[in-house]
>>> print(open('target39.txt').read())   # compact mmCIF, C-alpha atoms
# COMPACT_ATOMS: atom_id res chain seq x y z
CA MET A 1 -9.82 -8.84 -17.42
CA GLU A 2 -9.62 -8.71 -13.62
CA CYS A 3 -6.57 -6.77 -12.53
CA ARG A 4 -5.27 -5.61 -9.16
CA PHE A 5 -4.62 -1.93 -8.75
CA ILE A 6 -1.86 -1.17 -6.26
CA ASP A 7 -0.93 2.36 -5.28
CA SER A 8 2.22 1.66 -3.32
CA GLY A 9 3.12 5.31 -2.72
CA VAL A 10 6.68 6.56 -2.71
CA GLY A 11 9.51 4.17 -2.01
CA LYS A 12 13.24 3.75 -2.29
CA ALA A 13 14.59 2.85 -5.73
CA TYR A 14 15.80 -0.58 -4.58
CA PHE A 15 12.43 -1.48 -3.10
CA ASN A 16 10.54 -0.11 -6.11
CA MET A 17 12.49 -2.34 -8.47
CA GLY A 18 12.27 -5.25 -6.05
CA LEU A 19 8.49 -4.98 -5.83
CA ASP A 20 8.08 -4.88 -9.62
CA GLU A 21 10.17 -8.06 -9.90
CA ALA A 22 8.41 -9.75 -6.98
CA ILE A 23 4.98 -9.06 -8.50
CA LEU A 24 6.26 -10.37 -11.84
CA GLU A 25 7.27 -13.67 -10.23
CA HIS A 26 3.97 -13.94 -8.36
CA VAL A 27 1.94 -13.25 -11.51
CA SER A 28 4.08 -15.74 -13.42
CA ASP A 29 3.22 -18.67 -11.16
CA SER A 30 -0.38 -17.47 -10.68
CA ARG A 31 0.02 -16.64 -7.00
CA SER A 32 -1.15 -13.12 -7.94
CA PRO A 33 -3.38 -11.77 -10.70
CA ALA A 34 -2.40 -9.23 -13.35
CA THR A 35 -1.40 -6.01 -11.65
CA LEU A 36 -1.34 -2.31 -12.41
CA ARG A 37 0.83 -0.48 -9.91
CA PHE A 38 1.49 3.23 -9.39
CA TYR A 39 4.44 4.46 -7.38
CA GLY A 40 6.89 7.28 -6.76
CA TRP A 41 10.50 7.65 -5.68
CA ALA A 42 11.90 8.92 -2.38
CA PRO A 43 14.68 9.77 -2.25
CA ARG A 44 15.08 10.91 -5.85
CA ALA A 45 16.83 8.33 -7.99
CA VAL A 46 18.46 7.53 -11.29
CA SER A 47 17.64 4.20 -12.90
CA ILE A 48 19.56 2.78 -15.82
CA GLY A 49 18.56 0.18 -18.38
CA TYR A 50 19.68 -3.43 -17.96
CA PHE A 51 22.28 -3.10 -20.75
CA GLN A 52 23.72 0.25 -19.77
CA SER A 53 26.99 0.92 -18.04
CA MET A 54 26.52 2.70 -14.71
CA ARG A 55 29.84 4.54 -14.88
CA GLU A 56 29.24 5.65 -18.49
CA GLU A 57 25.72 6.94 -17.90
CA VAL A 58 25.64 8.25 -14.35
CA ASP A 59 27.74 10.60 -12.23
CA VAL A 60 27.55 8.31 -9.24
CA ASP A 61 29.62 10.64 -7.04
CA ALA A 62 27.21 13.53 -7.65
CA CYS A 63 24.28 11.23 -6.87
CA PHE A 64 25.90 10.04 -3.65
CA LYS A 65 26.69 13.62 -2.60
CA ASP A 66 23.10 14.74 -3.16
CA GLY A 67 21.42 11.64 -1.71
CA VAL A 68 20.14 10.46 -5.08
CA ASP A 69 19.87 6.67 -5.28
CA VAL A 70 21.10 4.76 -8.33
CA VAL A 71 19.72 1.45 -9.51
CA ARG A 72 19.85 -0.86 -12.53
CA ARG A 73 16.48 -2.01 -13.87
CA ILE A 74 15.66 -5.48 -15.18
CA THR A 75 14.27 -3.78 -18.28
CA GLY A 76 16.33 -2.32 -21.10
CA GLY A 77 16.06 1.27 -22.25
CA GLY A 78 17.85 4.39 -21.17
CA ALA A 79 18.86 6.21 -18.00
CA VAL A 80 16.03 8.01 -16.20
CA TYR A 81 16.15 10.65 -13.49
CA HIS A 82 13.16 10.02 -11.21
CA ASP A 83 11.97 13.10 -9.37
CA ARG A 84 8.57 14.73 -9.92
CA GLU A 85 6.85 11.89 -11.70
CA LEU A 86 4.22 9.23 -11.44
CA THR A 87 5.61 5.80 -12.29
CA TYR A 88 3.50 2.85 -13.34
CA SER A 89 4.09 -0.83 -13.90
CA TYR A 90 1.75 -3.21 -15.67
CA ILE A 91 2.42 -6.89 -15.15
CA ALA A 92 0.36 -9.65 -16.76
CA LYS A 93 0.62 -13.03 -18.40
CA GLU A 94 2.12 -12.63 -21.84
CA ASP A 95 -1.11 -13.61 -23.60
CA ALA A 96 -2.76 -10.43 -22.28
CA VAL A 97 -0.85 -8.37 -24.85
CA PRO A 98 0.05 -8.78 -28.54
CA ASP A 99 3.02 -11.06 -29.18
CA ASP A 100 4.57 -8.35 -31.36
CA ILE A 101 6.60 -6.17 -29.01
CA LEU A 102 5.93 -2.87 -30.78
CA GLU A 103 2.19 -3.59 -30.81
CA SER A 104 2.26 -4.45 -27.11
CA TYR A 105 3.96 -1.12 -26.36
CA ARG A 106 1.28 0.57 -28.48
CA LEU A 107 -1.49 -1.17 -26.54
CA ILE A 108 -0.16 -0.47 -23.05
CA CYS A 109 0.85 3.09 -23.95
CA GLY A 110 -2.75 3.52 -25.08
CA GLY A 111 -3.59 3.65 -21.37
CA LEU A 112 -1.23 6.56 -20.94
CA ILE A 113 -2.62 8.38 -23.97
CA ARG A 114 -6.16 8.06 -22.59
CA GLY A 115 -4.86 9.34 -19.27
CA PHE A 116 -3.34 12.40 -20.89
CA ASN A 117 -6.59 12.91 -22.82
CA GLY A 118 -8.45 12.78 -19.49
CA LEU A 119 -6.28 15.63 -18.29
CA GLY A 120 -7.20 17.63 -21.38
CA LEU A 121 -4.01 16.93 -23.34
CA LYS A 122 -3.43 15.38 -26.72
CA ALA A 123 -0.75 12.71 -26.76
CA GLU A 124 0.58 10.16 -29.21
CA PHE A 125 2.62 6.98 -29.14
CA ALA A 126 6.07 7.55 -30.62
CA PRO A 127 7.79 4.27 -31.50
CA LEU A 128 9.72 2.65 -30.19
CA ASN A 129 8.70 3.35 -26.59
CA ASP A 130 7.83 6.99 -25.94
CA ILE A 131 4.75 9.16 -25.61
CA LEU A 132 4.80 12.68 -27.02
CA SER A 133 2.55 15.59 -26.24
CA GLY A 134 2.88 18.82 -28.18
CA GLY A 135 5.66 17.09 -30.12
CA ARG A 136 7.76 16.61 -26.98
CA LYS A 137 8.45 13.56 -24.84
CA ILE A 138 6.35 13.28 -21.70
CA SER A 139 6.63 9.57 -20.99
CA GLY A 140 9.28 6.89 -21.48
CA ASN A 141 8.49 3.20 -21.17
CA ALA A 142 10.43 -0.04 -20.87
CA GLN A 143 9.29 -3.62 -21.17
CA THR A 144 10.56 -7.07 -20.41
CA ARG A 145 9.17 -10.47 -21.25
CA ARG A 146 10.11 -13.24 -18.89
CA MET A 147 8.62 -16.25 -17.14
CA GLY A 148 5.63 -16.15 -19.48
CA CYS A 149 4.81 -12.60 -18.44
CA VAL A 150 5.06 -9.09 -19.76
CA MET A 151 6.13 -6.30 -17.47
CA GLN A 152 6.10 -2.73 -18.69
CA HIS A 153 7.00 0.17 -16.48
CA GLY A 154 7.33 3.82 -17.33
CA THR A 155 7.30 7.40 -16.24
CA ILE A 156 4.73 10.16 -16.45
CA LEU A 157 6.47 13.49 -15.97
CA LEU A 158 4.59 15.77 -13.60
CA ASP A 159 7.40 18.32 -13.74
CA VAL A 160 10.94 18.25 -15.05
CA ASP A 161 14.13 20.10 -14.12
CA VAL A 162 16.56 19.35 -16.93
CA ASP A 163 19.49 21.23 -15.36
CA ARG A 164 19.15 19.16 -12.21
CA MET A 165 18.76 15.98 -14.28
CA PHE A 166 22.11 16.63 -15.94
CA ARG A 167 23.82 17.00 -12.60
CA TYR A 168 23.42 13.23 -12.41
CA LEU A 169 23.29 11.97 -16.01
CA LYS A 170 26.50 12.04 -18.00
CA VAL A 171 26.65 13.49 -21.49
CA PRO A 172 28.68 11.87 -24.32
CA SER A 173 31.17 14.73 -24.29
CA GLU A 174 31.66 17.44 -21.66
CA LYS A 175 32.37 19.87 -24.52
CA MET A 176 28.82 19.23 -25.74
CA ARG A 177 27.16 19.50 -22.32
CA ASP A 178 25.42 22.82 -22.99
CA LYS A 179 24.08 21.58 -26.31
CA ALA A 180 22.91 18.27 -24.80
CA VAL A 181 21.04 20.08 -22.03
CA LYS A 182 19.49 22.52 -24.52
CA ASP A 183 18.42 19.65 -26.80
CA VAL A 184 16.72 17.81 -23.95
CA LYS A 185 14.99 20.99 -22.80
CA GLU A 186 13.56 21.30 -26.30
CA ARG A 187 12.58 17.64 -26.57
CA VAL A 188 11.08 16.95 -23.12
CA THR A 189 7.96 18.34 -21.49
CA SER A 190 5.81 17.73 -18.41
CA LEU A 191 2.23 17.98 -17.22
CA LYS A 192 3.10 21.20 -15.42
CA HIS A 193 4.60 22.74 -18.54
CA LEU A 194 1.71 21.70 -20.78
CA THR A 195 -1.11 22.71 -18.44
CA GLY A 196 0.61 25.79 -17.01
CA LYS A 197 0.01 24.63 -13.45
CA GLU A 198 0.94 21.93 -10.96
CA VAL A 199 -1.05 18.77 -11.58
CA PRO A 200 -1.47 17.01 -8.23
CA CYS A 201 -0.15 13.46 -8.31
CA GLY A 202 -3.52 12.14 -7.09
CA LYS A 203 -5.39 13.81 -9.92
CA ALA A 204 -2.93 12.45 -12.48
CA ALA A 205 -3.18 8.99 -10.93
CA GLU A 206 -6.97 8.97 -11.25
CA ALA A 207 -6.77 9.96 -14.92
CA PHE A 208 -4.19 7.30 -15.76
CA LYS A 209 -5.95 4.61 -13.75
CA LYS A 210 -9.07 5.24 -15.82
CA GLY A 211 -6.98 5.40 -19.00
CA PHE A 212 -5.37 2.00 -18.38
CA ALA A 213 -8.71 0.45 -17.43
CA GLU A 214 -10.23 1.60 -20.73
CA ALA A 215 -7.32 0.85 -23.04
CA LEU A 216 -6.56 -2.57 -21.59
CA LYS A 217 -10.18 -3.43 -20.73
CA LEU A 218 -9.28 -3.99 -17.09
CA ARG A 219 -11.65 -4.35 -14.16
CA LEU A 220 -9.40 -2.78 -11.55
CA LYS A 221 -9.67 -3.92 -7.95
CA PRO A 222 -7.84 -1.87 -5.32
CA ALA A 223 -5.34 -4.05 -3.48
CA SER A 224 -2.10 -4.10 -1.56
CA PRO A 225 0.95 -6.24 -2.27
CA THR A 226 0.67 -9.61 -0.53
CA PRO A 227 2.94 -10.39 2.44
CA SER A 228 4.80 -12.83 0.19
CA GLU A 229 5.35 -10.15 -2.46
CA LEU A 230 6.50 -7.63 0.15
CA ALA A 231 8.94 -10.11 1.69
CA GLN A 232 10.38 -10.98 -1.71
CA ALA A 233 10.57 -7.31 -2.68
CA GLN A 234 12.52 -6.51 0.48
CA SER A 235 14.85 -9.41 -0.12
CA LEU A 236 15.43 -8.35 -3.74
CA ALA A 237 15.99 -4.75 -2.63
CA GLU A 238 18.69 -5.82 -0.17
CA CYS A 239 20.30 -8.74 -1.96
CA LYS A 240 20.07 -7.57 -5.58
CA TYR A 241 19.11 -3.98 -6.35
CA PHE A 242 21.20 -2.39 -3.60
CA THR A 243 24.35 -4.33 -4.47
CA LEU A 244 27.37 -3.22 -6.47
CA GLU A 245 27.39 -6.66 -8.08
CA TRP A 246 24.08 -5.84 -9.77
CA ASN A 247 24.39 -2.10 -10.28
CA ASP A 248 27.95 -2.22 -11.63
CA LYS A 249 27.53 -5.37 -13.68
CA ARG A 250 28.16 -3.32 -16.84
CA MET B 1 44.42 -3.58 -27.34
CA ILE B 2 41.00 -2.06 -26.84
CA GLY B 3 38.58 -0.84 -29.50
CA LYS B 4 35.32 0.94 -28.90
CA VAL B 5 32.43 1.93 -31.16
CA VAL B 6 29.14 3.71 -30.60
CA HIS B 7 26.42 3.07 -33.19
CA LYS B 8 22.94 4.50 -33.52
CA VAL B 9 21.03 1.54 -34.95
CA PRO B 10 18.95 2.82 -37.90
CA GLY B 11 15.39 3.19 -36.61
CA GLY B 12 16.54 1.84 -33.29
CA LYS B 13 18.60 2.52 -30.22
CA LEU B 14 22.16 3.31 -29.20
CA LEU B 15 24.62 0.40 -29.27
CA LYS B 16 28.02 0.66 -27.57
CA VAL B 17 30.61 -2.09 -27.97
CA THR B 18 34.05 -2.37 -26.39
CA VAL B 19 36.38 -5.15 -27.53
CA GLU B 20 39.64 -6.06 -25.86
CA HIS B 21 41.82 -8.34 -27.99
CA ASP B 22 45.37 -9.52 -28.65
CA GLY B 23 45.27 -9.28 -32.45
CA LYS B 24 44.32 -12.95 -32.80
CA SER B 25 41.18 -13.36 -30.75
CA ILE B 26 38.80 -11.48 -28.49
CA LEU B 27 39.80 -11.36 -24.84
CA LYS B 28 36.69 -9.55 -23.68
CA ALA B 29 33.66 -7.94 -25.34
CA SER B 30 31.19 -5.61 -23.62
CA ILE B 31 27.88 -4.79 -25.27
CA SER B 32 25.84 -1.95 -23.81
CA GLY B 33 23.20 0.56 -24.81
CA ASP B 34 19.56 1.54 -24.40
CA PHE B 35 18.14 -1.25 -26.58
CA PHE B 36 15.90 -4.13 -25.47
CA ILE B 37 16.64 -7.85 -25.72
CA HIS B 38 14.43 -10.47 -24.05
CA PRO B 39 15.57 -12.49 -22.24
CA GLU B 40 18.09 -9.91 -21.06
CA ASP B 41 20.70 -12.44 -19.95
CA SER B 42 21.14 -13.56 -23.59
CA VAL B 43 23.63 -10.71 -23.84
CA ASP B 44 25.52 -11.92 -20.76
CA ARG B 45 25.81 -15.33 -22.42
CA LEU B 46 26.84 -13.77 -25.74
CA GLU B 47 29.63 -11.83 -24.04
CA ALA B 48 30.84 -15.01 -22.34
CA ARG B 49 30.87 -16.91 -25.65
CA LEU B 50 32.82 -14.16 -27.38
CA ARG B 51 35.77 -14.76 -25.08
CA ASP B 52 38.64 -16.30 -27.11
CA ALA B 53 36.58 -16.04 -30.34
CA LYS B 54 38.29 -15.26 -33.64
CA PRO B 55 36.84 -12.41 -35.74
CA LEU B 56 35.57 -14.89 -38.34
CA GLU B 57 33.52 -16.67 -35.68
CA VAL B 58 31.76 -13.55 -34.38
CA GLY B 59 28.77 -13.61 -36.77
CA LYS B 60 27.88 -17.22 -35.95
CA ILE B 61 28.32 -16.70 -32.22
CA VAL B 62 26.04 -13.65 -32.23
CA GLU B 63 23.41 -15.43 -34.32
CA SER B 64 23.39 -18.57 -32.20
CA SER B 65 23.52 -16.73 -28.86
CA LEU B 66 20.55 -14.56 -29.78
CA SER B 67 18.60 -17.13 -31.81
CA GLY B 68 15.84 -17.55 -29.22
CA ALA B 69 15.83 -13.95 -28.07
CA ARG B 70 13.49 -11.08 -28.95
CA LEU B 71 15.39 -8.00 -30.09
CA PHE B 72 13.83 -4.53 -30.05
CA GLY B 73 15.69 -1.42 -31.14
CA VAL B 74 18.72 -3.46 -32.19
CA ASP B 75 19.43 -6.45 -34.45
CA ALA B 76 21.99 -9.22 -34.61
CA LYS B 77 23.73 -7.80 -37.69
CA SER B 78 24.26 -4.42 -36.01
CA ILE B 79 25.78 -6.16 -33.00
CA THR B 80 28.07 -8.29 -35.20
CA ASP B 81 29.15 -5.27 -37.25
CA ALA B 82 29.84 -3.22 -34.12
CA ILE B 83 31.95 -6.00 -32.57
CA LEU B 84 34.00 -6.41 -35.73
CA GLU B 85 34.41 -2.67 -36.13
CA ALA B 86 35.57 -2.37 -32.53
CA TYR B 87 38.00 -5.24 -33.13
CA GLY B 88 39.35 -3.73 -36.32
CA GLY B 89 39.22 -0.15 -35.23
CA VAL B 90 41.94 -0.38 -32.62
>>> encode(input="target39.txt", output="structure tokens")
Amino acid sequence: MECRFIDSGVGKAYFNMGLDEAILEHVSDSRSPATLRFYGWAPRAVSIGYFQSMREEVDVDACFKDGVDVVRRITGGGAVYHDRELTYSYIAKEDAVPDDILESYRLICGGLIRGFNGLGLKAEFAPLNDILSGGRKISGNAQTRRMGCVMQHGTILLDVDVDRMFRYLKVPSEKMRDKAVKDVKERVTSLKHLTGKEVPCGKAAEAFKKGFAEALKLRLKPASPTPSELAQAQSLAECKYFTLEWNDKR
Amino acid sequence: MIGKVVHKVPGGKLLKVTVEHDGKSILKASISGDFFIHPEDSVDRLEARLRDAKPLEVGKIVESSLSGARLFGVDAKSITDAILEAYGGV
């Protein structure tokens, strides 16, 4: 299948989420083809799932103090601290993936697994929506189905600083903070940890681009977002993803 | 009165429900968690329909509100049970 490949570089959280949604709408009404997009986050950010409560999951004051953006996604799933990572989104008409949601996660995550393999690492899909390497989580993924399309986005951890992460993510009980941090340190890993060295973002991107192309049988064509997509993304960033109405809706 | 429950759905995700009620009917219900439901705004509509609902009506309201939705990491029965537990657990 023909598919655009967009490397949109690093962007603000609000714009990142706006561009994913704008591409989704453009793919839905066939103004744009299926799209694989890679991006990063600057400044650092915390995103929460559509159904999560911002005040329950995130220390918004700590984020504000440290210049960390906070944003609600249109996908479900959990809270994510976005720092040293490569983020992807895959957006296509719904018939490009299995109707069964678990099987569609398995298919799309297959691109990530091939990418990890290309970097010399074994990895496996861990239902419902994670990828493990060495028995520890290295990628989390979230999907939505809307307007006849599937959109799945997710993280590939280049490096992880769990102590810093928990400056911004709340734990169920402050009494259990130390245990929660220790548990996550034991359950989460990164490319840097597994390979013993920094993996440059560009090298990781090449591996995962190839992985997605193979797993999803995509003929990737380098592209940029269209002016219409960029305009809609900017509008969504300003009028939706930046607003308290959206971010505090739960 | 406000009741709150946190459930780990077996084989699924975390489900958090807060119910505000007056002992006769639900005044407000909030359903949150790290689960997936497509379309996502089904849950917004469910919460709206739970306003003024009696406990006996909850099961039917959840079923009908989510009838066309795709649920992943959560199911309608878990949501119903959590709402009723939050209602009764005040």
>>> closest_atom_pairs(input="target39.txt", of="chain A", to="chain B", cutoff="6 Å", atoms="only C-alpha atoms", output="tab-separated table")
residue	atom	partner	partner_atom	distance
A:Phe51	CA	B:Ser32	CA	4.8
A:Gln52	CA	B:Ser32	CA	5.1
A:Gly76	CA	B:Phe36	CA	4.7
A:Gly77	CA	B:Asp34	CA	4.1
A:Gly78	CA	B:Asp34	CA	4.6
A:Arg145	CA	B:His38	CA	6.0
>>> closest_residue(input="target39.txt", among="B:His21, B:Leu50, B:Lys28, B:Pro10", to="Tyr87 in chain B", atoms="all atoms listed in the file")
B:His21
>>> atom_distance(input="target39.txt", atom1="CA of Met147 in chain A", atom2="CA of Lys12 in chain A")
25.3 Å
>>> residues_around(input="target39.txt", residues="Asp61 in chain A", least_positions_apart="3", cutoff="12 Å", atoms="only C-alpha atoms", output="PDB file with C-alpha atoms, in the coordinates of the input")
ATOM      1  CA  MET A  54      26.520   2.700 -14.710  1.00  0.00           C
ATOM      2  CA  ARG A  55      29.840   4.540 -14.880  1.00  0.00           C
ATOM      3  CA  VAL A  58      25.640   8.250 -14.350  1.00  0.00           C
ATOM      4  CA  PHE A  64      25.900  10.040  -3.650  1.00  0.00           C
ATOM      5  CA  LYS A  65      26.690  13.620  -2.600  1.00  0.00           C
ATOM      6  CA  ASP A  66      23.100  14.740  -3.160  1.00  0.00           C
ATOM      7  CA  GLY A  67      21.420  11.640  -1.710  1.00  0.00           C
ATOM      8  CA  VAL A  68      20.140  10.460  -5.080  1.00  0.00           C
ATOM      9  CA  ASP A  69      19.870   6.670  -5.280  1.00  0.00           C
ATOM     10  CA  VAL A  70      21.100   4.760  -8.330  1.00  0.00           C
ATOM     11  CA  ARG A 167      23.820  17.000 -12.600  1.00  0.00           C
ATOM     12  CA  TYR A 168      23.420  13.230 -12.410  1.00  0.00           C
ATOM     13  CA  LEU A 169      23.290  11.970 -16.010  1.00  0.00           C
ATOM     14  CA  LYS A 170      26.500  12.040 -18.000  1.00  0.00           C
TER      15      LYS A 170
END
>>> residues_around(input="target39.txt", residues="Leu121 in chain A", least_positions_apart="2", cutoff="10 Å", atoms="all atoms listed in the file", output="JSON, numbers by chain")
{"A": [113, 114, 115, 116, 117, 118, 119, 123, 133, 134, 191, 194, 195]}
>>> build_atoms(input="target39.txt", residues="range 59-90 of chain B", atoms="N, CA and C atoms", output="compact mmCIF listing (two decimals), in the frame of the given file")
# COMPACT_ATOMS: atom_id res chain seq x y z
N GLY B 59 30.13 -13.60 -36.21
CA GLY B 59 28.77 -13.61 -36.77
C GLY B 59 27.97 -14.81 -36.29
N LYS B 60 28.59 -15.99 -36.36
CA LYS B 60 27.88 -17.22 -35.95
C LYS B 60 27.58 -17.22 -34.46
N ILE B 61 28.53 -16.72 -33.68
CA ILE B 61 28.32 -16.70 -32.22
C ILE B 61 27.17 -15.76 -31.86
N VAL B 62 27.13 -14.60 -32.51
CA VAL B 62 26.04 -13.65 -32.23
C VAL B 62 24.71 -14.27 -32.63
N GLU B 63 24.66 -14.84 -33.83
CA GLU B 63 23.41 -15.43 -34.32
C GLU B 63 22.92 -16.53 -33.39
N SER B 64 23.83 -17.43 -33.02
CA SER B 64 23.39 -18.57 -32.20
C SER B 64 23.05 -18.13 -30.77
N SER B 65 23.80 -17.17 -30.24
CA SER B 65 23.52 -16.73 -28.86
C SER B 65 22.19 -16.02 -28.75
N LEU B 66 21.79 -15.35 -29.83
CA LEU B 66 20.55 -14.56 -29.78
C LEU B 66 19.40 -15.23 -30.53
N SER B 67 19.60 -16.50 -30.93
CA SER B 67 18.60 -17.13 -31.81
C SER B 67 17.22 -17.22 -31.15
N GLY B 68 17.16 -17.44 -29.86
CA GLY B 68 15.84 -17.55 -29.22
C GLY B 68 15.37 -16.26 -28.59
N ALA B 69 16.14 -15.19 -28.77
CA ALA B 69 15.83 -13.95 -28.07
C ALA B 69 14.97 -13.03 -28.93
N ARG B 70 14.27 -12.11 -28.26
CA ARG B 70 13.49 -11.08 -28.95
C ARG B 70 14.29 -9.79 -28.89
N LEU B 71 14.59 -9.22 -30.04
CA LEU B 71 15.39 -8.00 -30.09
C LEU B 71 14.50 -6.83 -30.48
N PHE B 72 14.68 -5.71 -29.81
CA PHE B 72 13.83 -4.53 -30.05
C PHE B 72 14.73 -3.30 -29.97
N GLY B 73 14.83 -2.61 -31.11
CA GLY B 73 15.69 -1.42 -31.14
C GLY B 73 17.13 -1.75 -31.47
N VAL B 74 17.38 -3.01 -31.81
CA VAL B 74 18.72 -3.46 -32.19
C VAL B 74 18.54 -4.76 -32.96
N ASP B 75 19.53 -5.17 -33.74
CA ASP B 75 19.43 -6.45 -34.45
C ASP B 75 20.79 -7.13 -34.42
N ALA B 76 20.76 -8.42 -34.73
CA ALA B 76 21.99 -9.22 -34.61
C ALA B 76 23.08 -8.69 -35.53
N LYS B 77 22.71 -8.27 -36.75
CA LYS B 77 23.73 -7.80 -37.69
C LYS B 77 24.42 -6.54 -37.16
N SER B 78 23.65 -5.64 -36.57
CA SER B 78 24.26 -4.42 -36.01
C SER B 78 25.24 -4.77 -34.91
N ILE B 79 24.88 -5.76 -34.10
CA ILE B 79 25.78 -6.16 -33.00
C ILE B 79 27.06 -6.77 -33.58
N THR B 80 26.90 -7.67 -34.56
CA THR B 80 28.07 -8.29 -35.20
C THR B 80 28.97 -7.22 -35.81
N ASP B 81 28.37 -6.32 -36.58
CA ASP B 81 29.15 -5.27 -37.25
C ASP B 81 29.90 -4.41 -36.23
N ALA B 82 29.21 -4.08 -35.14
CA ALA B 82 29.84 -3.22 -34.12
C ALA B 82 31.01 -3.93 -33.45
N ILE B 83 30.85 -5.24 -33.20
CA ILE B 83 31.95 -6.00 -32.57
C ILE B 83 33.16 -6.04 -33.51
N LEU B 84 32.88 -6.32 -34.78
CA LEU B 84 34.00 -6.41 -35.73
C LEU B 84 34.65 -5.05 -35.95
N GLU B 85 33.84 -4.01 -35.96
CA GLU B 85 34.41 -2.67 -36.13
C GLU B 85 35.26 -2.31 -34.91
N ALA B 86 34.79 -2.65 -33.74
CA ALA B 86 35.57 -2.37 -32.53
C ALA B 86 36.87 -3.17 -32.53
N TYR B 87 36.80 -4.38 -33.03
CA TYR B 87 38.00 -5.24 -33.13
C TYR B 87 39.00 -4.65 -34.11
N GLY B 88 38.46 -4.23 -35.25
CA GLY B 88 39.35 -3.73 -36.32
C GLY B 88 39.73 -2.28 -36.15
N GLY B 89 39.01 -1.59 -35.33
CA GLY B 89 39.22 -0.15 -35.23
C GLY B 89 40.20 0.26 -34.16
N VAL B 90 40.99 -0.71 -33.69
CA VAL B 90 41.94 -0.38 -32.62
C VAL B 90 43.03 0.54 -33.13
